[in-house]
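A.B. asks: Below: one structure in structure tokens.
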Amino acid sequence: MFLSTFSDISVAAWTMAATAAFLMGVSKAGLKGMSIFNVTLMALAFGSRASTGLFIPLLIVGDIFAVVYYNRHAQWKYIFKFIPWMILGILIGVLVGKDLPEREFKWGMVIVIFISLAMLIWWERRKSQTVPTHWVFSGSMGVLAGICTMIGNLAGAFTNIFFLAMRLPKNEFVGTAAWLFFITNLFKLPFHVFIWKTVTVQSLLINLRLLPAILVGLVLGVFLVKKINERNYKRFILIVTAIGAVAILFR
């Protein structure tokens with residue numbers, strides 16, 4: 001639940017939320033790997049459940065930018081293969097998360113964060129590049145991605161593995177993911193508004209104040225995407241995110 005007025009929101013909370021929005025913009029511009037960090041920061045700023053609704057409008061803004069910028073690279077056959085499973089996972093996530101008290105929701109979100117971290121670490125340490133492409137693989141990745149994106153806006157670990165398995169080149173990877181997340185985030189929006197009630201007039205007002213941060217991130221991300229070596233900051237993000245996930249429990 002949101003605080004009653006903007007004055008009740010601390011400077012630290014605004015700083016963490018603005019940083020999360022900025023990094024989300026950089027990520028949506030194509031510099032992947034920061035979504036877990038963003039979610040952790042926003043959860044620390046506004047609480048676990050409230051943060052999921054706060055993210056949706058900002059994510060859609062970033063998705064629109066990514067879709068416009070990378071549209072020509074989208075590979076629709078992979079979207080059609082993956083999205084039915086992901087929608088199933090979202091529906092499961094809606095039912096699982098609807099009546100969870102804040103404490104249990106918080107634990108669920110932390111579990112999702114650590115599962116995502118484990119998947120990313122596992123992928124980084126793999127020596128074999130052979131990934132099964134059977135429908136069971138795409139189905140399991142899709143359902144898990146759907147559950148994780150509904151509960152914690154954290155589908156990235158599973159969608160990344162799926163697209164890597166399809167051997168998509170960089171631009172095709174980003175363009176296909178852009179459309180996938182644009183569609184699924186729009187699909188999630190009514191559930192946040194009418195069932196979870198995490199998207200409200202007040203949350204949208206907070207989004208408006210965070211909008212400049214995500215726009216700056218989007219612009220900067222376009223210039224950085226071809227220049228920054230992700231290997232150097234990926235370990236930092238994993239470590240800080242793990243610490244942040246534990247911090248959520250004590251918020």
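Ligands are numbered from 1 in the order shown, chains are lettered A, B, ... in the order of the structure tokens, and residues start at 1 in each chain.
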Applying 9 Å and only C-alpha atoms, which residues near stretch 92-102 of chain A remain after dropping the ones on its own chain fewer than 6 positions away? List them as a PyMOL selection string.
C.D. replies: chain A and resi 47-49+108+143+146-151+188+191-192+195-196
A.B. asks: Using only C-alpha atoms, what does the table of stretch 32-65 of chain A residues within 12 Å of stretch 156-178 of chain A look like, with each row giving the shortest atom pair and its distance in Å to one decimal, sorted by chain and ascending number, as CSV?
C.D. replies:
residue,atom,partner,partner_atom,distance
A:Lys32,CA,A:Val174,CA,8.6
A:Gly33,CA,A:Gly156,CA,8.0
A:Met34,CA,A:Gly156,CA,9.3
A:Ser35,CA,A:Gly156,CA,7.1
A:Ile36,CA,A:Gly156,CA,8.3
A:Phe37,CA,A:Gly156,CA,11.7
A:Asn38,CA,A:Gly156,CA,11.9
A:Val39,CA,A:Gly156,CA,11.5
A:Leu59,CA,A:Ala178,CA,10.5
A:Ile60,CA,A:Ala178,CA,10.1
A:Val61,CA,A:Ala178,CA,11.3
A:Gly62,CA,A:Ala178,CA,8.9
A:Asp63,CA,A:Ala178,CA,5.9
A:Ile64,CA,A:Ala178,CA,8.2
A:Phe65,CA,A:Ala178,CA,8.8
A.B. asks: Got time to write the residues from that selection, N, CA and C atoms, as a tab-separated table (two decimals), in the first residue's frame?
C.D. replies:
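File out-v1.tsv, as written:
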chain	number	residue	atom	x	y	z
A	32	LYS	N	21.06	-5.13	-21.51
A	32	LYS	CA	20.35	-6.06	-20.65
A	32	LYS	C	21.15	-6.41	-19.41
A	33	GLY	N	20.44	-6.98	-18.42
A	33	GLY	CA	21.11	-7.52	-17.24
A	33	GLY	C	20.85	-6.77	-15.96
A	34	MET	N	20.00	-5.72	-15.99
A	34	MET	CA	19.80	-4.92	-14.78
A	34	MET	C	18.43	-5.08	-14.14
A	35	SER	N	17.57	-5.91	-14.71
A	35	SER	CA	16.19	-5.95	-14.25
A	35	SER	C	16.06	-6.38	-12.79
A	36	ILE	N	16.90	-7.32	-12.35
A	36	ILE	CA	16.81	-7.79	-10.97
A	36	ILE	C	17.18	-6.66	-10.02
A	37	PHE	N	18.21	-5.89	-10.38
A	37	PHE	CA	18.64	-4.75	-9.58
A	37	PHE	C	17.53	-3.71	-9.50
A	38	ASN	N	16.87	-3.44	-10.64
A	38	ASN	CA	15.78	-2.45	-10.66
A	38	ASN	C	14.65	-2.85	-9.72
A	39	VAL	N	14.25	-4.11	-9.81
A	39	VAL	CA	13.14	-4.60	-8.99
A	39	VAL	C	13.47	-4.53	-7.52
A	59	LEU	N	7.47	0.27	-17.30
A	59	LEU	CA	7.91	-0.76	-18.23
A	59	LEU	C	7.28	-0.59	-19.61
A	60	ILE	N	6.00	-0.23	-19.62
A	60	ILE	CA	5.31	-0.04	-20.90
A	60	ILE	C	5.90	1.13	-21.67
A	61	VAL	N	6.27	2.20	-20.95
A	61	VAL	CA	6.93	3.34	-21.61
A	61	VAL	C	8.23	2.87	-22.25
A	62	GLY	N	9.02	2.10	-21.49
A	62	GLY	CA	10.27	1.58	-22.03
A	62	GLY	C	10.04	0.62	-23.18
A	63	ASP	N	8.99	-0.19	-23.07
A	63	ASP	CA	8.67	-1.15	-24.14
A	63	ASP	C	8.33	-0.43	-25.44
A	64	ILE	N	7.56	0.65	-25.34
A	64	ILE	CA	7.18	1.41	-26.54
A	64	ILE	C	8.42	1.92	-27.25
A	65	PHE	N	9.35	2.47	-26.47
A	65	PHE	CA	10.61	2.96	-27.05
A	65	PHE	C	11.36	1.81	-27.74
A.B. asks: Quick one: of A:Val136, A:Met109, A:Ile83, A:Ala245, who's nearest to A:Ile183, counting only C-alpha atoms?
C.D. replies: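 Closest to A:Ile183 of all the choices is A:Ile83.
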A.B. asks: From a backbone DSSP assignment, name each residue in stretch 58-222 of chain A labelled helix (DSSP H, G or I), as a VMD selection string.
C.D. replies: chain A and resid 58 to 73 76 to 98 102 to 125 135 to 152 156 to 165 170 to 195 201 to 222
A.B. asks: With distances taken over only C-alpha atoms, which of A:Val193, A:Met16, A:Ile239, A:Ala155 is nearest to A:Ile121?
C.D. replies: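 Closest residue, counting only C-alpha atoms: A:Ile239.
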A.B. asks: Neighbouring residues of A:Ala13 were defined as those with any atom within 8 Å, considering only C-alpha atoms; residues of the same chain fewer than 5 positions away were excluded. Please report them as an mmCIF file with C-alpha atoms, in the first residue's frame.
C.D. replies:
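Result written to out-v2.cif:
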data_model
loop_
_atom_site.group_PDB
_atom_site.id
_atom_site.type_symbol
_atom_site.label_atom_id
_atom_site.label_comp_id
_atom_site.auth_asym_id
_atom_site.auth_seq_id
_atom_site.Cartn_x
_atom_site.Cartn_y
_atom_site.Cartn_z
ATOM 1 C CA LEU A 44 13.102 -1.353 -1.084
ATOM 2 C CA ALA A 45 11.675 2.086 -1.907
ATOM 3 C CA PHE A 46 7.930 1.333 -1.870
#
